[in-house]
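Colleague: Okay, so here is work-v3.cif, and as you'll see once you scroll down, it has mmCIF, C-alpha atoms.
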```cif
data_coords
#
loop_
_atom_site.label_atom_id
_atom_site.label_comp_id
_atom_site.auth_asym_id
_atom_site.auth_seq_id
_atom_site.Cartn_x
_atom_site.Cartn_y
_atom_site.Cartn_z
CA MET A 27 61.25 -33.87 -14.05
CA LYS A 28 57.50 -33.81 -13.46
CA LYS A 29 55.47 -31.68 -15.83
CA GLU A 30 53.85 -28.81 -13.99
CA LYS A 31 50.15 -28.31 -14.68
CA GLY A 32 49.01 -24.94 -15.99
CA LEU A 33 47.08 -22.57 -13.75
CA LEU A 34 43.33 -22.22 -14.06
CA LEU A 35 42.72 -18.52 -13.47
CA VAL A 36 39.19 -17.31 -12.93
CA LEU A 37 38.53 -13.59 -13.30
CA SER A 38 35.16 -12.62 -11.94
CA GLY A 39 33.36 -9.73 -10.27
CA PRO A 40 30.17 -7.67 -10.36
CA ALA A 41 28.48 -6.90 -13.68
CA GLY A 42 29.82 -3.62 -15.06
CA VAL A 43 33.15 -3.73 -13.19
CA GLY A 44 35.10 -4.10 -16.44
CA LYS A 45 35.99 -7.80 -16.58
CA GLY A 46 35.86 -7.77 -20.37
CA THR A 47 38.01 -4.65 -20.73
CA VAL A 48 40.65 -5.95 -18.31
CA CYS A 49 40.68 -9.34 -20.00
CA SER A 50 41.11 -7.77 -23.46
CA ALA A 51 43.96 -5.58 -22.19
CA LEU A 52 45.64 -8.64 -20.67
CA ARG A 53 45.25 -10.44 -23.98
CA GLN A 54 46.95 -7.59 -25.84
CA GLU A 55 50.01 -7.92 -23.62
CA ASN A 56 50.86 -11.23 -25.29
CA THR A 57 51.36 -13.14 -22.07
CA SER A 58 51.48 -16.93 -22.27
CA VAL A 59 48.02 -17.11 -20.69
CA GLN A 60 45.35 -18.70 -22.89
CA TYR A 61 41.81 -17.33 -23.04
CA SER A 62 38.64 -19.30 -22.74
CA VAL A 63 35.58 -18.19 -24.67
CA SER A 64 32.25 -18.49 -22.88
CA ALA A 65 28.92 -19.48 -24.35
CA THR A 66 25.91 -17.23 -23.73
CA THR A 67 22.32 -16.69 -24.78
CA ARG A 68 22.47 -12.91 -24.38
CA SER A 69 22.45 -10.74 -27.51
CA PRO A 70 25.79 -9.50 -28.88
CA ARG A 71 26.64 -5.90 -27.95
CA GLU A 72 28.01 -3.47 -30.53
CA GLY A 73 31.28 -4.89 -31.89
CA GLU A 74 31.13 -8.29 -30.19
CA GLN A 75 31.95 -11.24 -32.43
CA ASP A 76 30.73 -14.81 -32.19
CA GLY A 77 33.58 -17.18 -31.22
CA VAL A 78 35.79 -14.28 -30.11
CA ASN A 79 33.94 -12.52 -27.27
CA TYR A 80 31.38 -15.26 -26.72
CA PHE A 81 29.79 -18.18 -28.48
CA PHE A 82 26.32 -16.76 -28.97
CA LYS A 83 23.69 -19.48 -28.58
CA THR A 84 19.92 -19.80 -28.59
CA ARG A 85 18.33 -21.05 -25.38
CA GLU A 86 17.65 -24.37 -27.07
CA GLN A 87 21.27 -24.79 -28.17
CA PHE A 88 22.52 -23.85 -24.69
CA GLU A 89 20.18 -26.29 -22.95
CA ASN A 90 21.49 -29.03 -25.21
CA MET A 91 25.05 -28.26 -24.09
CA ILE A 92 23.92 -28.52 -20.44
CA GLU A 93 22.29 -31.89 -21.06
CA GLN A 94 25.40 -33.24 -22.78
CA ASP A 95 27.62 -32.07 -19.89
CA GLN A 96 29.75 -29.93 -22.20
CA LEU A 97 29.93 -27.04 -19.74
CA LEU A 98 32.31 -26.59 -16.83
CA GLU A 99 29.79 -24.25 -15.29
CA TRP A 100 26.69 -22.42 -16.36
CA ALA A 101 24.37 -19.95 -14.73
CA GLU A 102 21.32 -17.90 -15.52
CA TYR A 103 22.02 -14.23 -14.92
CA VAL A 104 19.60 -11.35 -15.49
CA GLY A 105 17.56 -13.64 -17.71
CA ASN A 106 20.37 -15.10 -19.81
CA TYR A 107 22.52 -18.23 -19.74
CA TYR A 108 26.30 -18.00 -19.46
CA GLY A 109 28.62 -21.01 -19.46
CA THR A 110 32.15 -22.31 -20.03
CA PRO A 111 32.82 -25.13 -22.49
CA ILE A 112 34.88 -27.64 -20.50
CA GLU A 113 37.08 -29.43 -23.05
CA TYR A 114 39.47 -26.62 -24.01
CA VAL A 115 40.04 -25.70 -20.35
CA ARG A 116 41.07 -29.22 -19.41
CA GLU A 117 43.39 -29.71 -22.40
CA THR A 118 45.15 -26.40 -21.80
CA ILE A 119 46.04 -26.94 -18.15
CA ASN A 120 47.05 -30.57 -18.74
CA ASN A 121 49.42 -29.22 -21.39
CA GLY A 122 51.12 -27.06 -18.76
CA GLN A 123 49.63 -23.81 -20.07
CA ASP A 124 47.77 -21.25 -17.99
CA ILE A 125 44.20 -20.39 -18.95
CA ILE A 126 41.98 -17.57 -17.79
CA LEU A 127 38.18 -17.63 -17.62
CA GLU A 128 36.25 -14.39 -17.45
CA ILE A 129 32.93 -15.28 -15.87
CA GLU A 130 30.05 -14.11 -13.71
CA VAL A 131 30.18 -14.64 -9.94
CA GLN A 132 27.68 -17.50 -9.85
CA GLY A 133 29.65 -19.37 -12.49
CA ALA A 134 32.97 -18.79 -10.73
CA LEU A 135 31.68 -20.41 -7.55
CA LYS A 136 30.64 -23.48 -9.53
CA VAL A 137 34.10 -23.71 -11.09
CA ARG A 138 35.59 -23.57 -7.58
CA GLU A 139 33.63 -26.72 -6.68
CA ARG A 140 35.16 -28.64 -9.60
CA PHE A 141 38.63 -26.99 -9.56
CA PRO A 142 39.41 -26.07 -5.94
CA GLU A 143 43.06 -25.60 -6.95
CA GLY A 144 42.10 -22.79 -9.37
CA VAL A 145 43.22 -19.21 -8.76
CA PHE A 146 40.12 -17.09 -8.16
CA ILE A 147 40.43 -13.36 -8.75
CA PHE A 148 37.66 -10.94 -7.84
CA LEU A 149 37.71 -7.72 -9.86
CA MET A 150 36.45 -4.82 -7.72
CA PRO A 151 35.38 -1.28 -8.58
CA PRO A 152 37.12 1.44 -6.49
CA SER A 153 33.71 2.14 -5.00
CA LEU A 154 30.14 1.11 -5.49
CA ALA A 155 29.34 4.65 -6.59
CA GLU A 156 31.88 4.26 -9.34
CA LEU A 157 30.33 0.92 -10.24
CA ARG A 158 26.91 2.56 -10.51
CA SER A 159 28.17 5.29 -12.81
CA ARG A 160 29.84 2.72 -15.04
CA ILE A 161 26.64 0.73 -15.37
CA VAL A 162 24.63 3.89 -16.06
CA GLY A 163 27.39 5.19 -18.33
CA ARG A 164 26.92 2.31 -20.67
CA GLY A 165 23.68 4.16 -21.51
CA THR A 166 21.80 1.17 -22.80
CA GLU A 167 19.84 0.12 -19.71
CA THR A 168 16.61 1.25 -18.00
CA GLU A 169 16.54 2.62 -14.41
CA ASP A 170 14.84 -0.57 -13.25
CA ILE A 171 17.59 -2.77 -14.69
CA ILE A 172 20.26 -0.51 -13.16
CA ASN A 173 18.73 -0.82 -9.68
CA LYS A 174 18.42 -4.56 -10.03
CA ARG A 175 22.08 -4.74 -11.03
CA MET A 176 23.18 -2.67 -8.01
CA THR A 177 21.40 -5.07 -5.66
CA VAL A 178 23.03 -8.00 -7.38
CA ALA A 179 26.43 -6.24 -7.17
CA LYS A 180 26.17 -5.85 -3.37
CA GLU A 181 25.41 -9.53 -3.03
CA GLU A 182 28.35 -10.33 -5.26
CA ILE A 183 30.77 -8.23 -3.21
CA ASP A 184 29.65 -10.29 -0.24
CA MET A 185 30.78 -13.34 -2.22
CA MET A 186 34.30 -11.94 -2.33
CA LYS A 187 35.16 -14.13 0.63
CA LYS A 188 35.14 -17.18 -1.65
CA TYR A 189 38.01 -15.76 -3.74
CA ASP A 190 41.79 -15.93 -3.40
CA TYR A 191 42.56 -12.43 -4.63
CA VAL A 192 40.80 -9.09 -4.93
CA VAL A 193 42.04 -6.79 -7.70
CA GLU A 194 40.79 -3.22 -7.76
CA ASN A 195 39.99 -1.97 -11.26
CA ASP A 196 40.90 1.66 -10.60
CA GLN A 197 42.86 1.83 -13.86
CA VAL A 198 42.85 -0.93 -16.45
CA HIS A 199 46.65 -1.08 -16.86
CA LEU A 200 47.10 -1.31 -13.08
CA ALA A 201 44.54 -4.09 -12.81
CA VAL A 202 46.34 -5.93 -15.63
CA ASP A 203 49.72 -5.55 -13.88
CA ARG A 204 48.26 -6.92 -10.66
CA ILE A 205 46.82 -9.94 -12.45
CA LYS A 206 50.18 -10.60 -14.16
CA SER A 207 51.87 -10.40 -10.75
CA ILE A 208 49.38 -12.88 -9.31
CA VAL A 209 50.17 -15.31 -12.15
CA THR A 210 53.92 -14.99 -11.51
CA ALA A 211 53.51 -15.35 -7.74
CA GLU A 212 51.27 -18.39 -8.11
CA HIS A 213 53.97 -20.08 -10.19
CA CYS A 214 56.39 -19.46 -7.30
CA LYS A 215 54.13 -21.04 -4.67
CA ARG A 216 56.01 -23.59 -2.65
CA GLU A 217 53.34 -26.27 -2.94
CA ARG A 218 53.53 -26.08 -6.76
CA LEU A 219 57.35 -26.32 -6.85
CA ILE A 220 58.33 -28.60 -3.99
CA GLU A 221 58.24 -31.81 -6.07
CA LYS A 222 60.63 -30.36 -8.63
CA TYR A 223 63.14 -29.40 -5.96
CA LYS A 224 62.86 -32.60 -3.94
CA GLU A 225 64.09 -34.37 -7.07
CA LEU A 226 67.02 -31.97 -7.33
CA VAL A 227 68.27 -32.83 -3.84
CA GLU A 228 67.88 -36.56 -4.34
CA VAL A 229 69.63 -36.70 -7.72
CA ASP A 230 72.64 -34.66 -6.67
CA MET B 24 38.91 2.99 6.64
CA LYS B 25 41.13 0.56 8.55
CA LYS B 26 44.85 1.02 8.07
CA GLU B 27 46.36 -1.97 6.39
CA LYS B 28 49.48 -3.39 8.05
CA GLY B 29 52.67 -3.65 6.02
CA LEU B 30 53.93 -7.02 4.86
CA LEU B 31 56.78 -8.74 6.65
CA LEU B 32 58.74 -10.38 3.83
CA VAL B 33 61.42 -12.89 4.70
CA LEU B 34 63.96 -13.75 2.00
CA SER B 35 65.97 -16.81 2.90
CA GLY B 36 67.74 -19.78 1.32
CA PRO B 37 70.98 -21.76 1.35
CA ALA B 38 74.29 -20.00 1.98
CA GLY B 39 75.78 -18.92 -1.34
CA VAL B 40 72.50 -18.80 -3.26
CA GLY B 41 72.76 -15.03 -3.68
CA LYS B 42 70.35 -13.61 -1.08
CA GLY B 43 72.53 -10.51 -0.64
CA THR B 44 72.86 -9.86 -4.38
CA VAL B 45 69.12 -10.25 -4.98
CA CYS B 46 68.30 -8.04 -1.99
CA SER B 47 70.68 -5.31 -3.20
CA ALA B 48 69.20 -5.43 -6.70
CA LEU B 49 65.71 -5.15 -5.23
CA ARG B 50 66.85 -2.18 -3.17
CA GLN B 51 68.16 -0.43 -6.30
CA GLU B 52 64.74 -0.68 -7.91
CA ASN B 53 63.38 1.90 -5.46
CA THR B 54 60.35 -0.09 -4.47
CA SER B 55 58.46 1.01 -1.36
CA VAL B 56 59.84 -2.01 0.52
CA GLN B 57 62.02 -1.16 3.52
CA TYR B 58 65.15 -3.13 4.35
CA SER B 59 66.09 -4.56 7.70
CA VAL B 60 69.77 -4.72 8.63
CA SER B 61 70.87 -7.85 10.51
CA ALA B 62 73.40 -8.06 13.30
CA THR B 63 76.23 -10.60 13.01
CA THR B 64 79.49 -11.66 14.62
CA ARG B 65 81.07 -12.78 11.35
CA SER B 66 83.87 -10.67 9.88
CA PRO B 67 83.01 -8.13 7.19
CA ARG B 68 83.76 -9.29 3.62
CA GLU B 69 85.45 -7.00 1.10
CA GLY B 70 83.28 -3.91 0.63
CA GLU B 71 80.75 -4.63 3.38
CA GLN B 72 79.91 -1.67 5.62
CA ASP B 73 78.78 -1.67 9.24
CA GLY B 74 75.17 -0.49 9.54
CA VAL B 75 74.53 -0.97 5.81
CA ASN B 76 75.14 -4.64 5.06
CA TYR B 77 75.18 -5.77 8.69
CA PHE B 78 75.71 -4.46 12.17
CA PHE B 79 79.03 -6.13 12.94
CA LYS B 80 79.18 -7.16 16.60
CA THR B 81 81.59 -8.97 18.92
CA ARG B 82 80.30 -12.18 20.49
CA GLU B 83 79.95 -10.35 23.80
CA GLN B 84 77.90 -7.52 22.28
CA PHE B 85 75.68 -10.00 20.46
CA GLU B 86 75.06 -12.08 23.58
CA ASN B 87 74.00 -8.91 25.40
CA MET B 88 71.41 -8.24 22.69
CA ILE B 89 70.07 -11.77 23.12
CA GLU B 90 69.76 -11.34 26.89
CA GLN B 91 67.91 -8.04 26.51
CA ASP B 92 65.46 -9.59 24.01
CA GLN B 93 66.37 -7.06 21.32
CA LEU B 94 66.39 -9.68 18.56
CA LEU B 95 63.44 -11.00 16.58
CA GLU B 96 65.48 -14.11 15.87
CA TRP B 97 69.05 -15.18 16.13
CA ALA B 98 70.99 -18.28 15.18
CA GLU B 99 74.50 -19.62 15.22
CA TYR B 100 75.56 -20.56 11.72
CA VAL B 101 78.96 -21.98 10.68
CA GLY B 102 80.38 -20.63 13.94
CA ASN B 103 78.89 -17.13 13.84
CA TYR B 104 75.82 -15.43 15.26
CA TYR B 105 73.25 -13.77 12.98
CA GLY B 106 70.17 -11.95 14.24
CA THR B 107 67.45 -9.41 13.45
CA PRO B 108 66.91 -6.35 15.67
CA ILE B 109 63.16 -6.43 16.44
CA GLU B 110 62.18 -2.78 17.00
CA TYR B 111 62.53 -1.41 13.46
CA VAL B 112 60.64 -4.36 12.02
CA ARG B 113 57.64 -3.83 14.27
CA GLU B 114 57.48 -0.06 13.72
CA THR B 115 57.66 -0.43 9.95
CA ILE B 116 54.80 -2.89 9.53
CA ASN B 117 52.61 -1.07 12.05
CA ASN B 118 53.16 2.03 9.92
CA GLY B 119 51.68 0.23 6.92
CA GLN B 120 55.01 -0.19 5.16
CA ASP B 121 56.44 -3.43 3.83
CA ILE B 122 59.78 -4.63 5.16
CA ILE B 123 62.08 -7.37 3.90
CA LEU B 124 64.48 -9.43 6.02
CA GLU B 125 67.32 -11.28 4.33
CA ILE B 126 68.25 -14.06 6.76
CA GLU B 127 69.58 -17.58 7.10
CA VAL B 128 67.19 -20.53 7.10
CA GLN B 129 67.37 -21.21 10.84
CA GLY B 130 66.53 -17.59 11.59
CA ALA B 131 63.64 -17.53 9.10
CA LEU B 132 61.98 -20.46 10.82
CA LYS B 133 62.18 -18.65 14.16
CA VAL B 134 60.59 -15.54 12.60
CA ARG B 135 57.77 -17.76 11.33
CA GLU B 136 57.00 -18.77 14.93
CA ARG B 137 56.55 -15.13 15.96
CA PHE B 138 55.09 -13.77 12.71
CA PRO B 139 53.08 -16.62 11.15
CA GLU B 140 51.41 -14.03 8.88
CA GLY B 141 54.79 -13.15 7.33
CA VAL B 142 55.51 -13.90 3.66
CA PHE B 143 58.33 -16.44 3.53
CA ILE B 144 60.32 -16.64 0.31
CA PHE B 145 62.93 -19.35 -0.28
CA LEU B 146 65.62 -18.38 -2.79
CA MET B 147 66.81 -21.46 -4.69
CA PRO B 148 69.77 -22.08 -6.97
CA PRO B 149 68.84 -23.57 -10.39
CA SER B 150 70.70 -26.69 -9.27
CA LEU B 151 72.87 -27.83 -6.40
CA ALA B 152 75.81 -28.09 -8.80
CA GLU B 153 75.36 -24.44 -9.60
CA LEU B 154 75.18 -23.68 -5.89
CA ARG B 155 78.47 -25.53 -5.32
CA SER B 156 80.25 -23.61 -8.06
CA ARG B 157 79.02 -20.34 -6.63
CA ILE B 158 80.35 -21.18 -3.18
CA VAL B 159 83.68 -22.34 -4.65
CA GLY B 160 83.71 -19.37 -7.03
CA ARG B 161 83.81 -16.99 -4.13
CA GLY B 162 87.37 -18.38 -3.77
CA THR B 163 87.79 -17.53 -0.13
CA GLU B 164 86.89 -20.85 1.52
CA THR B 165 88.70 -24.16 2.17
CA GLU B 166 87.52 -27.51 0.71
CA ASP B 167 86.40 -28.60 4.17
CA ILE B 168 84.22 -25.53 4.65
CA ILE B 169 82.78 -25.98 1.14
CA ASN B 170 81.76 -29.58 1.88
CA LYS B 171 80.25 -28.61 5.20
CA ARG B 172 78.23 -25.88 3.45
CA MET B 173 76.95 -28.33 0.80
CA THR B 174 75.63 -30.65 3.52
CA VAL B 175 73.96 -27.71 5.22
CA ALA B 176 72.48 -26.59 1.88
CA LYS B 177 70.81 -29.98 1.30
CA GLU B 178 69.24 -29.82 4.75
CA GLU B 179 68.06 -26.29 4.04
CA ILE B 180 66.42 -27.28 0.76
CA ASP B 181 64.52 -29.86 2.77
CA MET B 182 63.25 -26.97 4.90
CA MET B 183 61.66 -25.41 1.82
CA LYS B 184 58.37 -26.95 2.88
CA LYS B 185 58.07 -24.34 5.65
CA TYR B 186 58.00 -21.47 3.12
CA ASP B 187 55.21 -19.83 1.16
CA TYR B 188 57.13 -19.21 -2.06
CA VAL B 189 60.17 -20.61 -3.84
CA VAL B 190 62.02 -18.21 -6.15
CA GLU B 191 64.69 -19.60 -8.43
CA ASN B 192 67.76 -17.38 -8.65
CA ASP B 193 68.65 -18.28 -12.24
CA GLN B 194 69.18 -14.62 -13.11
CA VAL B 195 69.17 -11.84 -10.55
CA HIS B 196 66.78 -9.55 -12.46
CA LEU B 197 64.32 -12.43 -12.92
CA ALA B 198 64.48 -13.29 -9.22
CA VAL B 199 63.88 -9.62 -8.38
CA ASP B 200 60.86 -9.46 -10.74
CA ARG B 201 59.41 -12.58 -9.13
CA ILE B 202 59.79 -11.11 -5.65
CA LYS B 203 58.15 -7.85 -6.75
CA SER B 204 55.26 -9.87 -8.20
CA ILE B 205 54.90 -11.76 -4.92
CA VAL B 206 54.69 -8.45 -3.03
CA THR B 207 51.99 -7.16 -5.41
CA ALA B 208 50.03 -10.41 -5.27
CA GLU B 209 50.19 -10.55 -1.47
CA HIS B 210 48.66 -7.07 -1.33
CA CYS B 211 45.79 -8.39 -3.47
CA LYS B 212 45.08 -11.37 -1.20
CA ARG B 213 41.44 -11.52 -0.28
CA GLU B 214 42.04 -12.00 3.44
CA ARG B 215 44.06 -8.78 3.55
CA LEU B 216 41.42 -6.74 1.68
CA ILE B 217 38.08 -8.08 2.77
CA GLU B 218 37.67 -5.67 5.70
CA LYS B 219 38.19 -2.66 3.46
CA TYR B 220 35.53 -3.82 1.04
CA LYS B 221 33.02 -4.90 3.68
CA GLU B 222 33.02 -1.27 4.80
CA LEU B 223 32.41 -0.14 1.22
CA VAL B 224 29.24 -2.20 0.93
CA GLU B 225 27.91 -1.14 4.32
CA VAL B 226 28.51 2.59 3.82
CA ASP B 227 26.93 2.79 0.39
#
```
Mind converting the file's structure to structure tokens?

Modeller:
Amino acid sequence: MKKEKGLLLVLSGPAGVGKGTVCSALRQENTSVQYSVSATTRSPREGEQDGVNYFFKTREQFENMIEQDQLLEWAEYVGNYYGTPIEYVRETINNGQDIILEIEVQGALKVRERFPEGVFIFLMPPSLAELRSRIVGRGTETEDIINKRMTVAKEEIDMMKKYDYVVENDQVHLAVDRIKSIVTAEHCKRERLIEKYKELVEVD
Amino acid sequence: MKKEKGLLLVLSGPAGVGKGTVCSALRQENTSVQYSVSATTRSPREGEQDGVNYFFKTREQFENMIEQDQLLEWAEYVGNYYGTPIEYVRETINNGQDIILEIEVQGALKVRERFPEGVFIFLMPPSLAELRSRIVGRGTETEDIINKRMTVAKEEIDMMKKYDYVVENDQVHLAVDRIKSIVTAEHCKRERLIEKYKELVEVD
């Protein structure tokens, strides 16, 4: 029987929507989904660890990775680089395991170009007002940065049309349940299973 | 905000695969999914109740329903008519509620013609051998009928390509979980949600 490839799941959405929180909660559920760690040039926030939350790089190091084509995607976002090391992603799905990337919107769209068969999930705030209060609530940003982020967020919501699924992050555990359901449903998609069953009919 | 239509879910698959058992188990879980009751001319099996499992009709009654266009689909299958009364289905989805039909393969394909936006789920046995033993295990059919059903089943598996999802019925509770995940995932599909979110961006 043919080995089924793993799913490439891409979780994206506006800055401040809670991608990191949802991804951590999903990780704690001990699903069989693997997690990809992104590389970035932004400074670590309180509690973030190198190699766990991100690979923290200097601009020079990051530009070297770009030149050597070691990134599945990369983007500059509010003055910093973000990118996904390609090798681990490819190995995981070829091994039949699912992997999830948690990335910015620009990066997600680049991944779509290289992996059109990926499952693209857009994480949405219940309202833009809610999004604003979450960004402000972080309490570490100036008014100017907040306004810039809101403009970017509106543009990103417009990019929703490039995604397969939209998951509202009204409550983290609900968002996690929805993502788990999407993973299960995707494994039941006819186009992923038809080869397996064709064989069954022919052999019998 | 625009009212979202309910999902029309169609659960189908070869005779003997366990559509009825899975549908009953799903019903016991108290999900918000409504159940459609089919009309049929076949005789009630042990324990089946009119108006609950099926509306049991004479051939004459059934043919009247066909003439008056009261059926969403109907088909003749192993010498009996099966069909879906249309009115309740339409009301339910227009009300924003999900409804599930449990029907034979021929009928499902006719529903697809009228409701291409429906969610079509093909329930599969883990193997054809397993399917055969289930049909035999029912213990109420002759060898001739069993062989005829096996031939039909192989043709039906070939029809899998017309469905959106394939759910293996290895264990009833697993099949039910998969179907519930499909319902959740379908509600997260971008094309179903984009209108709601467009409004959000414009209002803000």

Colleague: Please write the residues picked by the PyMOL selection byres ((chain B) within 6 of (chain A)) on this file as a ChimeraX atom specification.

Modeller: /B:187-190,204-205,208,211-213

Colleague: Please write as number ranges by chain the full residue list that the PyMOL selection byres ((chain B and resi 71-84) around 10) yields on this file.

Modeller: B: 43, 47, 58-70, 85-89, 103-108

Colleague: Evaluating the PyMOL selection byres ((chain A and resi 133) around 6) on the displayed file yields which residues, as a ChimeraX atom specification?

Modeller: /A:99-101,130-132,134-136

Colleague: Grab the atom CA of B:Gly102 to atom CA of B:Asn170 distance for me, in Å with one decimal place.

Modeller: 15.1 Å

Colleague: To one decimal in Å, tell me the separation between atom CA of A:Leu52 and atom CA of A:Leu200.

Modeller: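 Atom CA of A:Leu200 lies at a distance of 10.7 Å from atom CA of A:Leu52.
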
Colleague: Counting only C-alpha atoms, what is within 6 Å of A:Leu35, bar same-chain residues fewer than 5 positions away, as a list of chain:residue names?

Modeller: A:Ile125, A:Ile126, A:Gly144, A:Val145

Colleague: Within 8 Å of (34.1, -3.4, -14.8), all atoms listed in the file: residues as a list of chain:residue names?

Modeller: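 Every residue inside that radius is included here: A:Gly39, A:Pro40, A:Ala41, A:Gly42, A:Val43, A:Gly44, A:Lys45, A:Gly46, A:Thr47, A:Val48, A:Leu149, A:Met150, A:Pro151, A:Leu157, A:Arg160, A:Asn195.
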
Colleague: Can you work out the spacing between atom CA of B:Leu94 and atom CA of B:Ile116 in Å, to one decimal?

Modeller: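 Between atom CA of B:Leu94 and atom CA of B:Ile116 the gap works out to 16.2 Å.
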
Colleague: With only C-alpha atoms as the counted atoms, please give the residues lying no more than 12 Å from A:Gln60, apart from itself and same-chain residues fewer than 2 positions off, as an MDAnalysis selection string.

Modeller: chainID A and resid 32:36 49:50 52:58 62:63 114:119 121:128

Colleague: Given all atoms listed in the file as the basis, pick out the residue of B:Ile126, B:Val159, B:Val175, B:Leu34 nearest to B:Val101.

Modeller: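 Of the candidates, the smallest distance to B:Val101 is held by B:Val175.
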
Colleague: Emit as JSON the padded axis-aligned box for all listed atoms of stretch 203-206 of chain B, 6 Å per side, with centre and edge lengths in Å to one decimal.

Modeller:
```
{"center_x": 56.4, "center_y": -9.8, "center_z": -5.6, "size_x": 15.5, "size_y": 15.9, "size_z": 17.2}
```
